[in-house]
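Visitor: Structure file work.cif (mmCIF, C-alpha atoms) is given on the next line.
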```
data_model
loop_
_atom_site.label_atom_id
_atom_site.label_comp_id
_atom_site.auth_asym_id
_atom_site.auth_seq_id
_atom_site.Cartn_x
_atom_site.Cartn_y
_atom_site.Cartn_z
CA MET A 1 -84.66 -24.04 93.22
CA ILE A 2 -84.84 -27.34 91.32
CA LYS A 3 -82.02 -27.77 88.79
CA SER A 4 -82.92 -28.18 85.10
CA VAL A 5 -81.51 -27.72 81.60
CA LEU A 6 -82.90 -25.91 78.56
CA LEU A 7 -82.70 -27.13 74.99
CA SER A 8 -83.38 -24.77 72.03
CA LEU A 9 -83.40 -25.25 68.26
CA SER A 10 -81.89 -22.72 65.84
CA LEU A 11 -82.75 -23.01 62.14
CA PRO A 12 -81.41 -20.89 59.24
CA THR A 13 -84.67 -18.88 59.41
CA THR A 14 -84.41 -18.28 63.19
CA ASN A 15 -84.03 -14.66 64.26
CA GLN A 16 -81.16 -14.79 66.76
CA ASP A 17 -82.37 -11.75 68.71
CA ASP A 18 -85.81 -13.35 69.07
CA LEU A 19 -84.21 -16.62 70.13
CA LYS A 20 -82.19 -14.83 72.79
CA GLU A 21 -85.34 -13.18 74.15
CA GLU A 22 -87.21 -16.49 74.12
CA ILE A 23 -84.43 -18.18 76.10
CA GLU A 24 -84.45 -15.43 78.73
CA GLU A 25 -88.22 -15.72 78.89
CA MET A 26 -88.00 -19.49 79.34
CA LYS A 27 -85.62 -18.95 82.26
CA ARG A 28 -88.15 -16.63 83.92
CA LEU A 29 -91.00 -19.04 83.22
CA ALA A 30 -88.99 -21.86 84.78
CA ASN A 31 -88.14 -19.69 87.80
CA THR A 32 -91.85 -19.00 88.30
CA LEU A 33 -92.33 -22.75 88.82
CA GLY A 34 -89.32 -23.03 91.12
CA PHE A 35 -86.72 -24.26 88.59
CA SER A 36 -83.30 -22.84 87.86
CA ILE A 37 -81.87 -23.52 84.41
CA GLU A 38 -78.28 -24.65 84.98
CA ASN A 39 -77.35 -25.11 81.34
CA ASN A 40 -78.74 -23.62 78.13
CA SER A 41 -77.92 -25.54 74.95
CA ILE A 42 -78.73 -24.43 71.39
CA GLN A 43 -78.83 -27.02 68.59
CA ASN A 44 -78.07 -25.52 65.16
CA LYS A 45 -79.73 -27.48 62.34
CA ASN A 46 -80.78 -26.87 58.75
CA SER A 47 -84.21 -28.40 59.41
CA ILE A 48 -86.26 -29.99 62.18
CA ASP A 49 -85.36 -33.63 62.73
CA SER A 50 -88.37 -35.70 61.66
CA ALA A 51 -87.94 -38.18 64.51
CA THR A 52 -86.74 -36.26 67.58
CA PHE A 53 -86.93 -32.56 66.58
CA PHE A 54 -83.29 -31.93 67.62
CA GLY A 55 -81.68 -35.18 66.48
CA LYS A 56 -81.19 -38.37 68.49
CA GLY A 57 -77.52 -37.60 69.23
CA LYS A 58 -78.32 -34.22 70.77
CA ILE A 59 -81.11 -35.68 72.92
CA GLN A 60 -78.89 -38.51 74.14
CA LYS A 61 -76.06 -36.11 74.95
CA THR A 62 -78.45 -33.89 76.97
CA VAL A 63 -79.87 -36.92 78.79
CA ASN A 64 -76.36 -38.11 79.67
CA GLN A 65 -75.53 -34.66 81.00
CA CYS A 66 -78.66 -34.71 83.18
CA ASN A 67 -77.75 -38.13 84.57
CA GLU A 68 -74.23 -36.95 85.41
CA LEU A 69 -75.48 -33.80 87.16
CA ASN A 70 -78.45 -35.54 88.83
CA ILE A 71 -80.94 -33.35 86.95
CA ASN A 72 -84.38 -34.76 86.17
CA THR A 73 -85.99 -32.03 84.02
CA ILE A 74 -85.31 -30.94 80.44
CA PHE A 75 -87.14 -27.83 79.24
CA ILE A 76 -87.60 -27.37 75.50
CA ASN A 77 -87.88 -23.85 74.12
CA ASN A 78 -90.47 -24.87 71.52
CA GLU A 79 -93.87 -26.49 71.32
CA ILE A 80 -93.05 -29.98 70.09
CA ASP A 81 -95.68 -32.17 68.45
CA PRO A 82 -96.88 -35.43 70.08
CA GLY A 83 -94.67 -37.64 67.90
CA HIS A 84 -91.48 -35.76 68.79
CA TYR A 85 -92.49 -35.69 72.44
CA LYS A 86 -93.00 -39.47 72.62
CA ARG A 87 -89.64 -40.24 70.97
CA ILE A 88 -87.72 -37.74 73.12
CA GLN A 89 -89.37 -39.05 76.29
CA LYS A 90 -88.48 -42.63 75.25
CA ILE A 91 -84.79 -41.70 74.97
CA ALA A 92 -84.94 -39.77 78.28
CA GLY A 93 -86.51 -42.68 80.14
CA LYS A 94 -88.81 -42.56 83.14
CA SER A 95 -86.40 -40.69 85.42
CA ILE A 96 -86.26 -37.48 83.32
CA PHE A 97 -89.25 -35.23 82.60
CA ILE A 98 -89.56 -33.53 79.22
CA ILE A 99 -91.42 -30.20 79.41
CA ASP A 100 -91.90 -28.08 76.30
CA ARG A 101 -92.76 -24.37 76.26
CA THR A 102 -96.52 -24.96 76.07
CA LYS A 103 -96.56 -27.45 78.95
CA LEU A 104 -94.49 -25.06 81.08
CA ILE A 105 -96.97 -22.23 80.51
CA LEU A 106 -99.91 -24.53 81.25
CA ASP A 107 -98.25 -25.64 84.51
CA ILE A 108 -97.77 -22.00 85.58
CA PHE A 109 -101.41 -21.24 84.82
CA THR A 110 -102.43 -24.31 86.82
CA LYS A 111 -100.38 -23.07 89.78
CA HIS A 112 -101.86 -19.57 89.70
CA ALA A 113 -105.51 -20.35 88.94
CA LYS A 114 -107.65 -19.26 91.89
CA THR A 115 -111.29 -19.07 90.77
CA ILE A 116 -113.51 -21.92 89.57
CA GLU A 117 -113.62 -20.38 86.10
CA SER A 118 -109.85 -20.03 85.65
CA LYS A 119 -109.29 -23.54 87.02
CA LYS A 120 -111.72 -25.00 84.51
CA GLN A 121 -110.15 -22.96 81.68
CA ILE A 122 -106.71 -24.33 82.53
CA GLN A 123 -108.01 -27.88 82.91
CA LEU A 124 -109.57 -27.71 79.45
CA ALA A 125 -106.40 -26.42 77.79
CA SER A 126 -104.32 -28.97 79.70
CA VAL A 127 -106.34 -32.05 78.78
CA GLN A 128 -106.48 -30.92 75.14
CA TYR A 129 -102.70 -30.67 75.21
CA MET A 130 -102.31 -33.97 77.07
CA MET A 131 -104.55 -36.25 75.02
CA PRO A 132 -102.47 -36.61 71.82
CA ARG A 133 -99.32 -37.03 73.94
CA LEU A 134 -100.48 -40.06 75.92
CA ILE A 135 -97.78 -42.69 75.98
CA GLY A 136 -99.55 -45.14 78.26
CA GLN A 137 -97.95 -44.03 81.50
CA TRP A 138 -101.02 -42.04 82.63
CA THR A 139 -102.61 -43.95 85.49
CA HIS A 140 -105.56 -43.60 87.83
CA LEU A 141 -107.26 -40.91 85.73
CA GLU A 142 -110.57 -42.59 86.52
CA ARG A 143 -110.02 -41.71 90.18
CA GLN A 144 -109.96 -38.00 89.27
CA MET A 145 -113.30 -38.36 87.50
CA GLY A 146 -115.17 -40.38 90.10
CA GLY A 147 -114.62 -43.78 88.51
CA VAL A 148 -118.25 -44.20 87.43
CA GLY A 149 -118.67 -45.88 84.06
CA THR A 150 -115.05 -45.32 83.06
CA ARG A 151 -113.74 -48.87 82.91
CA GLY A 152 -113.25 -50.44 79.51
CA GLY A 153 -113.81 -54.02 78.40
CA PRO A 154 -111.33 -56.82 79.15
CA GLY A 155 -109.40 -56.24 75.94
CA GLU A 156 -109.23 -52.43 76.14
CA LYS A 157 -105.75 -51.02 76.52
CA GLN A 158 -104.93 -48.57 79.32
CA ILE A 159 -104.14 -45.83 76.81
CA GLU A 160 -107.63 -46.09 75.30
CA ILE A 161 -109.16 -45.89 78.76
CA ASP A 162 -107.11 -42.77 79.42
CA ARG A 163 -108.13 -41.16 76.14
CA ARG A 164 -111.79 -41.91 76.76
CA LEU A 165 -111.52 -40.38 80.23
CA LEU A 166 -109.95 -37.24 78.80
CA ARG A 167 -112.59 -36.93 76.06
CA SER A 168 -115.28 -37.16 78.72
CA ASP A 169 -113.42 -34.54 80.78
CA ILE A 170 -113.20 -32.18 77.78
CA THR A 171 -116.95 -32.48 77.12
CA LYS A 172 -117.80 -31.70 80.75
CA LEU A 173 -115.37 -28.76 80.99
CA LYS A 174 -116.69 -27.22 77.76
CA LYS A 175 -120.24 -27.54 79.07
CA ASP A 176 -119.31 -25.89 82.40
CA LEU A 177 -117.45 -23.06 80.66
CA PHE A 178 -120.38 -22.50 78.30
CA GLN A 179 -122.63 -21.92 81.33
CA ILE A 180 -120.10 -19.49 82.82
CA GLU A 181 -119.90 -17.68 79.48
CA LYS A 182 -123.71 -17.32 79.45
CA GLN A 183 -123.58 -15.74 82.90
CA ARG A 184 -120.82 -13.36 81.80
CA THR A 185 -122.82 -12.40 78.68
CA THR A 186 -125.82 -11.55 80.88
CA GLN A 187 -123.57 -9.44 83.12
CA ARG A 188 -122.17 -7.55 80.15
CA LYS A 189 -125.64 -6.82 78.77
CA SER A 190 -126.58 -5.17 82.05
CA ARG A 191 -123.69 -2.70 81.68
CA LYS A 192 -123.62 -2.30 77.90
CA ASN A 193 -124.13 1.48 78.10
CA VAL A 194 -121.22 2.10 80.48
CA TYR A 195 -117.90 3.24 78.95
CA LYS A 196 -115.46 0.36 79.34
CA VAL A 197 -111.65 0.55 79.55
CA ALA A 198 -109.49 -2.61 79.60
CA LEU A 199 -105.83 -2.98 80.53
CA VAL A 200 -103.99 -5.31 78.17
CA GLY A 201 -100.30 -6.10 77.93
CA TYR A 202 -97.41 -8.48 78.24
CA THR A 203 -97.32 -10.49 81.43
CA ASN A 204 -95.56 -8.70 84.30
CA ALA A 205 -95.80 -5.28 82.61
CA GLY A 206 -97.51 -3.86 85.70
CA LYS A 207 -101.19 -3.96 84.70
CA SER A 208 -102.40 -4.92 88.17
CA SER A 209 -100.48 -2.11 89.90
CA ILE A 210 -101.85 0.41 87.36
CA PHE A 211 -105.33 -0.98 88.00
CA LYS A 212 -104.76 -0.41 91.72
CA ASN A 213 -103.57 3.18 91.13
CA LEU A 214 -106.59 4.02 88.97
CA SER A 215 -109.27 2.22 90.98
CA GLY A 216 -107.94 2.10 94.54
CA TYR A 217 -108.85 -1.58 94.54
CA LYS A 218 -106.26 -3.91 96.07
CA THR A 219 -105.29 -6.65 93.66
CA TYR A 220 -102.69 -9.40 93.95
CA ILE A 221 -99.38 -7.94 92.75
CA LYS A 222 -96.16 -9.93 92.47
CA ASP A 223 -93.05 -9.63 90.33
CA GLU A 224 -93.49 -12.89 88.44
CA LEU A 225 -95.02 -14.05 85.17
CA PHE A 226 -98.79 -14.59 85.18
CA ALA A 227 -99.19 -13.63 88.84
CA THR A 228 -102.91 -13.06 88.20
CA LEU A 229 -105.15 -14.92 85.76
CA ASP A 230 -108.63 -13.70 86.59
CA THR A 231 -110.12 -10.58 85.07
CA THR A 232 -111.00 -7.97 87.70
CA THR A 233 -113.60 -5.32 86.79
CA LYS A 234 -114.60 -2.29 88.87
CA ASN A 235 -116.78 0.79 88.45
CA ILE A 236 -114.57 3.82 89.07
CA SER A 237 -114.61 7.61 88.74
CA LEU A 238 -111.64 9.15 86.96
CA ASP A 239 -112.77 12.63 87.96
CA ASP A 240 -115.97 14.34 89.13
CA LYS A 241 -117.69 13.72 85.78
CA THR A 242 -116.08 10.69 84.18
CA LYS A 243 -117.23 7.25 85.31
CA ILE A 244 -115.97 4.08 83.65
CA LEU A 245 -115.83 0.32 84.00
CA LEU A 246 -112.14 -0.62 84.34
CA SER A 247 -110.92 -4.20 83.71
CA ASP A 248 -107.55 -5.79 84.44
CA THR A 249 -107.01 -8.83 82.19
CA VAL A 250 -104.64 -11.82 82.02
CA GLY A 251 -101.21 -11.02 80.61
CA PHE A 252 -100.05 -11.98 77.13
CA LEU A 253 -96.90 -13.87 76.14
CA ARG A 254 -95.23 -14.65 72.82
CA ASN A 255 -96.34 -18.00 71.38
CA LEU A 256 -99.13 -18.31 73.93
CA PRO A 257 -100.77 -21.72 73.36
CA THR A 258 -103.76 -21.49 71.02
CA ASP A 259 -105.84 -23.84 73.21
CA LEU A 260 -105.13 -21.58 76.18
CA ILE A 261 -106.36 -18.46 74.35
CA ALA A 262 -109.46 -20.38 73.24
CA SER A 263 -110.13 -21.60 76.79
CA PHE A 264 -109.81 -18.05 78.15
CA ARG A 265 -112.21 -16.52 75.64
CA SER A 266 -114.90 -15.86 78.24
CA THR A 267 -112.40 -14.15 80.57
CA LEU A 268 -110.94 -12.16 77.67
CA GLY A 269 -114.46 -11.10 76.71
CA GLU A 270 -113.85 -7.93 78.73
CA ILE A 271 -111.35 -6.97 76.02
CA ARG A 272 -113.86 -7.61 73.24
CA ASP A 273 -116.45 -5.43 75.01
CA ALA A 274 -114.09 -2.56 75.82
CA ASN A 275 -114.45 0.87 74.22
CA LEU A 276 -110.81 1.69 74.93
CA LEU A 277 -107.73 -0.50 75.41
CA LEU A 278 -104.70 0.60 77.41
CA LYS A 279 -101.71 -1.30 76.00
CA ILE A 280 -99.28 -1.57 78.92
CA ILE A 281 -95.59 -1.96 77.98
CA ASP A 282 -92.66 -2.50 80.36
CA ILE A 283 -90.24 0.21 79.22
CA SER A 284 -87.33 -1.58 80.91
CA SER A 285 -87.78 -4.63 78.66
CA THR A 286 -85.00 -5.40 76.18
CA ASP A 287 -87.60 -6.41 73.60
CA ILE A 288 -90.17 -3.61 73.47
CA LYS A 289 -90.99 -4.17 69.79
CA GLY A 290 -91.50 -7.88 70.46
CA HIS A 291 -93.88 -7.12 73.32
CA VAL A 292 -95.87 -4.62 71.24
CA SER A 293 -96.04 -7.17 68.41
CA THR A 294 -97.23 -9.93 70.78
CA ILE A 295 -99.99 -7.70 72.16
CA ASP A 296 -101.15 -6.77 68.66
CA ASP A 297 -101.01 -10.39 67.46
CA THR A 298 -103.05 -11.63 70.43
CA LEU A 299 -105.62 -8.86 69.95
CA LYS A 300 -105.85 -9.93 66.30
CA ILE A 301 -106.62 -13.52 67.37
CA LEU A 302 -109.35 -12.11 69.63
CA GLU A 303 -110.59 -9.92 66.73
CA CYS A 304 -109.97 -6.79 68.81
CA ASN A 305 -107.05 -5.30 66.87
CA SER A 306 -109.14 -2.44 65.44
CA LYS A 307 -110.26 -1.11 68.83
CA LYS A 308 -109.30 2.36 70.00
CA SER A 309 -106.18 2.19 72.17
CA LEU A 310 -103.52 4.13 74.07
CA ILE A 311 -99.93 2.90 74.51
CA VAL A 312 -98.74 3.25 78.10
CA PHE A 313 -95.08 2.68 78.98
CA ASN A 314 -94.76 1.63 82.62
CA LYS A 315 -91.73 1.33 84.96
CA ILE A 316 -89.99 4.56 83.85
CA ASP A 317 -88.37 4.53 87.31
CA LYS A 318 -86.12 1.73 85.99
CA ILE A 319 -84.71 3.80 83.09
CA ASP A 320 -81.53 5.76 83.89
CA ASN A 321 -80.33 6.21 80.33
CA ASN A 322 -81.97 9.38 79.00
CA LYS A 323 -80.90 8.57 75.43
CA ILE A 324 -82.85 5.29 75.43
CA PHE A 325 -85.83 7.05 76.99
CA GLN A 326 -85.77 9.73 74.27
CA GLU A 327 -85.47 7.16 71.48
CA ILE A 328 -88.60 5.37 72.74
CA LYS A 329 -90.42 8.70 73.01
CA ASN A 330 -89.52 9.56 69.44
CA GLU A 331 -90.69 6.20 68.11
CA TYR A 332 -93.96 6.13 70.08
CA LYS A 333 -94.92 9.80 69.85
CA ASN A 334 -98.41 9.57 71.35
CA ALA A 335 -97.49 7.18 74.16
CA ILE A 336 -97.89 7.92 77.86
CA PHE A 337 -94.97 7.32 80.25
CA ILE A 338 -95.65 6.39 83.87
CA SER A 339 -94.35 4.55 86.91
CA SER A 340 -97.10 2.68 88.73
CA LEU A 341 -94.65 1.83 91.54
CA ASP A 342 -93.73 5.48 92.26
CA LYS A 343 -97.12 6.79 91.05
CA LEU A 344 -95.43 9.05 88.51
CA ASN A 345 -97.61 10.64 85.80
CA ILE A 346 -100.73 8.72 86.85
CA ASN A 347 -102.57 12.05 86.58
CA VAL A 348 -101.30 12.39 82.99
CA LEU A 349 -102.69 8.94 82.18
CA ILE A 350 -106.06 9.83 83.70
CA LYS A 351 -106.22 13.06 81.66
CA GLU A 352 -105.48 11.17 78.43
CA ILE A 353 -108.17 8.59 79.19
CA VAL A 354 -110.71 11.32 79.94
CA LYS A 355 -109.69 13.19 76.78
CA THR A 356 -110.19 10.06 74.67
CA ILE A 357 -113.53 9.29 76.31
CA ASN A 358 -114.77 12.84 75.71
CA LYS A 359 -114.08 12.43 72.00
CA ASP A 360 -116.38 9.40 71.99
CA LEU A 361 -119.21 10.96 73.99
CA LYS A 362 -121.81 13.31 72.57
CA LEU A 363 -123.44 16.35 74.16
CA PHE A 364 -127.17 16.00 74.90
CA LYS A 365 -129.76 18.26 76.46
CA ILE A 366 -132.97 17.21 78.16
CA LYS A 367 -135.91 18.89 79.86
CA LEU A 368 -137.33 17.05 82.88
CA ASN A 369 -140.23 17.50 85.26
CA HIS A 370 -139.37 18.17 88.88
CA LYS A 371 -140.95 14.81 89.78
CA ASP A 372 -138.39 13.01 87.58
CA GLN A 373 -135.86 12.97 90.41
CA SER A 374 -134.89 9.34 89.76
CA VAL A 375 -133.95 10.31 86.18
CA VAL A 376 -131.87 13.23 87.47
CA ASP A 377 -130.07 10.88 89.85
CA TYR A 378 -129.41 8.45 87.00
CA ILE A 379 -127.98 11.25 84.85
CA TYR A 380 -125.59 12.34 87.61
CA THR A 381 -124.50 8.75 88.23
CA ASN A 382 -123.99 7.67 84.61
CA THR A 383 -123.10 10.78 82.59
CA GLN A 384 -120.87 13.85 82.65
CA VAL A 385 -123.21 16.66 83.68
CA MET A 386 -122.11 19.88 81.97
CA SER A 387 -124.79 22.25 83.25
CA ARG A 388 -128.08 22.30 85.11
CA GLU A 389 -130.80 24.96 85.28
CA ASN A 390 -133.78 24.74 87.65
CA THR A 391 -136.83 26.75 86.56
CA TYR A 392 -140.30 26.99 87.99
CA ASP A 393 -141.64 24.48 85.43
CA CYS A 394 -138.75 22.11 84.77
CA ILE A 395 -135.13 21.08 85.09
CA ASN A 396 -132.85 21.63 82.09
CA ILE A 397 -129.74 19.45 82.07
CA SER A 398 -126.97 19.15 79.50
CA TYR A 399 -124.64 16.19 79.71
CA ARG A 400 -122.11 14.11 77.82
CA SER A 401 -122.83 10.41 77.37
CA SER A 402 -123.00 7.57 74.90
CA LYS A 403 -126.00 7.34 72.59
CA GLY A 404 -127.09 4.18 74.45
CA ILE A 405 -127.28 5.92 77.84
CA HIS A 406 -129.06 8.91 76.31
CA ASN A 407 -131.70 6.61 74.79
CA LYS A 408 -132.21 4.95 78.18
CA ILE A 409 -132.65 8.36 79.85
CA LYS A 410 -135.30 9.30 77.28
CA LYS A 411 -137.19 6.08 78.04
CA MET A 412 -137.03 6.80 81.79
CA LYS A 413 -138.48 10.28 81.32
CA ARG A 414 -142.14 10.62 82.29
#
```
Please lay out the structure from this file as structure tokens.
Guide:
Amino acid sequence: MIKSVLLSLSLPTTNQDDLKEEIEEMKRLANTLGFSIENNSIQNKNSIDSATFFGKGKIQKTVNQCNELNINTIFINNEIDPGHYKRIQKIAGKSIFIIDRTKLILDIFTKHAKTIESKKQIQLASVQYMMPRLIGQWTHLERQMGGVGTRGGPGEKQIEIDRRLLRSDITKLKKDLFQIEKQRTTQRKSRKNVYKVALVGYTNAGKSSIFKNLSGYKTYIKDELFATLDTTTKNISLDDKTKILLSDTVGFLRNLPTDLIASFRSTLGEIRDANLLLKIIDISSTDIKGHVSTIDDTLKILECNSKKSLIVFNKIDKIDNNKIFQEIKNEYKNAIFISSLDKLNINVLIKEIVKTINKDLKLFKIKLNHKDQSVVDYIYTNTQVMSRENTYDCINISYRSSKGIHNKIKKMKR
């Protein structure tokens, strides 16, 4: 592990419990990138310092400490604006890196991005973050972009070259992501009549392991923040009659960078299209209310806060204190309690999903000719068949489905 220090600001309006949770979260975020936070320092101030956020004395003291301990990274438990960043970095010098909360999250996403789409999403958010923070030390950016037509005139400063390169990069990334979004939109149109369920939740709450339990599909699972960034979607059968499209989505985090959420809009489109959201909460967390609030706030940003949802508490195998367990049960009366690791109560979760789906589906009856076998096959594949009667003249089938699927069946009928 690489040694580092963490600097936090506490104002009169700061909730100390929230600050404590944020600090613990920053430690885990840093660990995900291979850093260990050796010292955590909180600066108490009445207001944000206009020049250096914390105050020049505090920054200098922290820098001196880093020099003494041979530490070259200072994490800041806030998103600091470009002006503060430049002044802090000037005091720190070239031998110490200043990384605020947003930059740390972006670096983790960069590390974990696997697909072309997620890589482009991270690149877009990163360059949008980087551009106003240019100090002039960025070099050789033209090499990353091919070097064609990127040189400025004789009097153009390096920082202007860098900014122009980044603006060009942003334009290209937005264009590429727009094309990917068009492809995703076409995909979604082709399955608009299928009932869609999406897993949403705080990062590392166990969404991917629940997805694996429900679908049987092997996904990348690791006990670290933002282990997976790409949305995985599979057609699955919950029981003999209930077929759904299940999606595992990128995890949420408090104060998730706005540019990052915007860049991931196409990936998070699976949430917007879902009929039902499963809000996954880590019951062993010390900040359950904070996690629930973060999920709801992020869904609000995505304009999905009014969607039908079920609260699912995962990792009940980690709770030994029955009193705490009962208190959570009393507060979240309609919640479902499972352990994806030990596969406890997965059947209960499935039953609740099916029960919710059945409330949304309507009962239809249709009379088909015997030659309409392709329609019969479609009904069995895409609906919940309740009964079937074969007569000499026809086939009578009753089934539960959405209105959209029923309308498609009627159009298929000869």
Visitor: Find the spatial neighbours of region 359-366 of chain A, counting only C-alpha atoms, within a cut-off of 12 Å - ignore same-chain residues fewer than 4 positions away - and output them as number ranges by chain.
Guide: A: 193-196, 242, 275-276, 308, 352-355, 372, 375-376, 379, 383-389, 394-407, 409-413
Visitor: Hey, what comes out of the PyMOL selection byres ((chain A and resi 285) around 12) on this file? Could you write it as a PyMOL selection string?
Guide: chain A and resi 21+24-25+202-205+280-284+286-292+313-316+318-319+324-325+328
Visitor: Give me the residues within 9 Å of region 90-98 of chain A as a PyMOL selection string, counting all atoms listed in the file and dropping any in the same chain fewer than 5 places off.
Guide: chain A and resi 56+59-60+62-64+66-67+71-76+85
Visitor: Taking 2 positions as the minimum chain separation for residues in the same chain, which residues sit within 8 Å of Leu260 (chain A) when counting all atoms listed in the file? Answer as a PyMOL selection string.
Guide: chain A and resi 106+121-122+125+256-258+262-264
Visitor: If you count all atoms listed in the file, which residues fall within 7 Å of Ile336 (chain A), apart from same-chain ones fewer than 4 positions away, as number ranges by chain?
Guide: A: 311-313, 349
Visitor: Using all atoms listed in the file, which of the listed residues (A:Lys212, A:Lys323, A:Lys61, A:Arg101) sits closest to Lys343 (chain A)?
Guide: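 Nearest candidate to Lys343 (chain A) out of A:Lys212, A:Lys323, A:Lys61, A:Arg101: A:Lys212.
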Visitor: For region 397-403 of chain A, what centre and edge lengths in Å (one decimal) does the axis-aligned box get once 6 Å is added on each side of all its listed atoms, as lines of an AutoDock Vina configuration file?
Guide:
```
center_x = -125.9
center_y = 13.4
center_z = 77.3
size_x = 19.6
size_y = 24.1
size_z = 21.5
```
Visitor: Determine, counting only C-alpha atoms, which protein, DNA and RNA residues have an atom within 12 Å of an atom of Asp296 (chain A); residues of the same chain fewer than 2 positions away are not included. Present the result as a PDB file with C-alpha atoms, in the frame of the given file.
Guide:
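This is the output file result_13.pdb:
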```pdb
ATOM      1  CA  VAL A 200    -103.990  -5.310  78.170  1.00  0.00           C
ATOM      2  CA  GLY A 201    -100.300  -6.100  77.930  1.00  0.00           C
ATOM      3  CA  TYR A 202     -97.410  -8.480  78.240  1.00  0.00           C
ATOM      4  CA  PHE A 252    -100.050 -11.980  77.130  1.00  0.00           C
ATOM      5  CA  LEU A 253     -96.900 -13.870  76.140  1.00  0.00           C
ATOM      6  CA  ARG A 254     -95.230 -14.650  72.820  1.00  0.00           C
ATOM      7  CA  LEU A 277    -107.730  -0.500  75.410  1.00  0.00           C
ATOM      8  CA  LEU A 278    -104.700   0.600  77.410  1.00  0.00           C
ATOM      9  CA  LYS A 279    -101.710  -1.300  76.000  1.00  0.00           C
ATOM     10  CA  ILE A 280     -99.280  -1.570  78.920  1.00  0.00           C
ATOM     11  CA  ILE A 281     -95.590  -1.960  77.980  1.00  0.00           C
ATOM     12  CA  LYS A 289     -90.990  -4.170  69.790  1.00  0.00           C
ATOM     13  CA  GLY A 290     -91.500  -7.880  70.460  1.00  0.00           C
ATOM     14  CA  HIS A 291     -93.880  -7.120  73.320  1.00  0.00           C
ATOM     15  CA  VAL A 292     -95.870  -4.620  71.240  1.00  0.00           C
ATOM     16  CA  SER A 293     -96.040  -7.170  68.410  1.00  0.00           C
ATOM     17  CA  THR A 294     -97.230  -9.930  70.780  1.00  0.00           C
ATOM     18  CA  THR A 298    -103.050 -11.630  70.430  1.00  0.00           C
ATOM     19  CA  LEU A 299    -105.620  -8.860  69.950  1.00  0.00           C
ATOM     20  CA  LYS A 300    -105.850  -9.930  66.300  1.00  0.00           C
ATOM     21  CA  ILE A 301    -106.620 -13.520  67.370  1.00  0.00           C
ATOM     22  CA  LEU A 302    -109.350 -12.110  69.630  1.00  0.00           C
ATOM     23  CA  GLU A 303    -110.590  -9.920  66.730  1.00  0.00           C
ATOM     24  CA  CYS A 304    -109.970  -6.790  68.810  1.00  0.00           C
ATOM     25  CA  ASN A 305    -107.050  -5.300  66.870  1.00  0.00           C
ATOM     26  CA  SER A 306    -109.140  -2.440  65.440  1.00  0.00           C
ATOM     27  CA  LYS A 307    -110.260  -1.110  68.830  1.00  0.00           C
ATOM     28  CA  SER A 309    -106.180   2.190  72.170  1.00  0.00           C
ATOM     29  CA  ILE A 311     -99.930   2.900  74.510  1.00  0.00           C
TER      30      ILE A 311
END
```
Visitor: Could you state the separation of CA of Lys367 (chain A) and CA of Tyr380 (chain A) in Å, given to one decimal place?
Guide: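 Value for the CA of Lys367 (chain A)-CA of Tyr380 (chain A) distance: 14.5 Å.
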Visitor: Apply the PyMOL selection byres ((chain A and resi 347) around 12) to the structure shown and report the selected residues as a list in words.
Guide: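 Residues picked by the PyMOL selection byres ((chain A and resi 347) around 12): Ile210, Asn213, Leu214, Leu238, Asp239, Ile336, Phe337, Ile338, Ser339, Ser340, Lys343, Leu344, Asn345, Ile346, Val348, Leu349, Ile350, Lys351, Glu352, Ile353 and Val354 of chain A.
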Visitor: CA of Thr32 (chain A) and CA of Ala113 (chain A), how far apart in Å?
Guide: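 Result for CA of Ala113 (chain A) versus CA of Thr32 (chain A): 13.7 Å, one decimal.
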Visitor: Figure out the distance between CA of Glu327 (chain A) and CA of Glu22 (chain A), please, to one decimal in Å.
Guide: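 If I compute the distance from CA of Glu22 (chain A) to CA of Glu327 (chain A), I get 23.9 Å.
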Visitor: Please expand the PyMOL selection byres ((chain A and resi 1) around 9) into the concrete residues it hits in this file, giving the result as a ChimeraX atom specification.
Guide: /A:2-3,31,33-36
Visitor: Take the residues that were just selected and, keeping C-alpha atoms, output them as a tab-separated table (two decimals), in the coordinates of the input.
Guide:
```tsv
chain	number	residue	atom	x	y	z
A	2	ILE	CA	-84.84	-27.34	91.32
A	3	LYS	CA	-82.02	-27.77	88.79
A	31	ASN	CA	-88.14	-19.69	87.80
A	33	LEU	CA	-92.33	-22.75	88.82
A	34	GLY	CA	-89.32	-23.03	91.12
A	35	PHE	CA	-86.72	-24.26	88.59
A	36	SER	CA	-83.30	-22.84	87.86
```
Visitor: Which protein, DNA or RNA residues have an atom at most 8 Å from (-89.2, -24.3, 75.8), counting only C-alpha atoms? List them as a VMD selection string.
Guide: chain A and resid 6 to 8 23 26 75 to 79 99 to 102 104
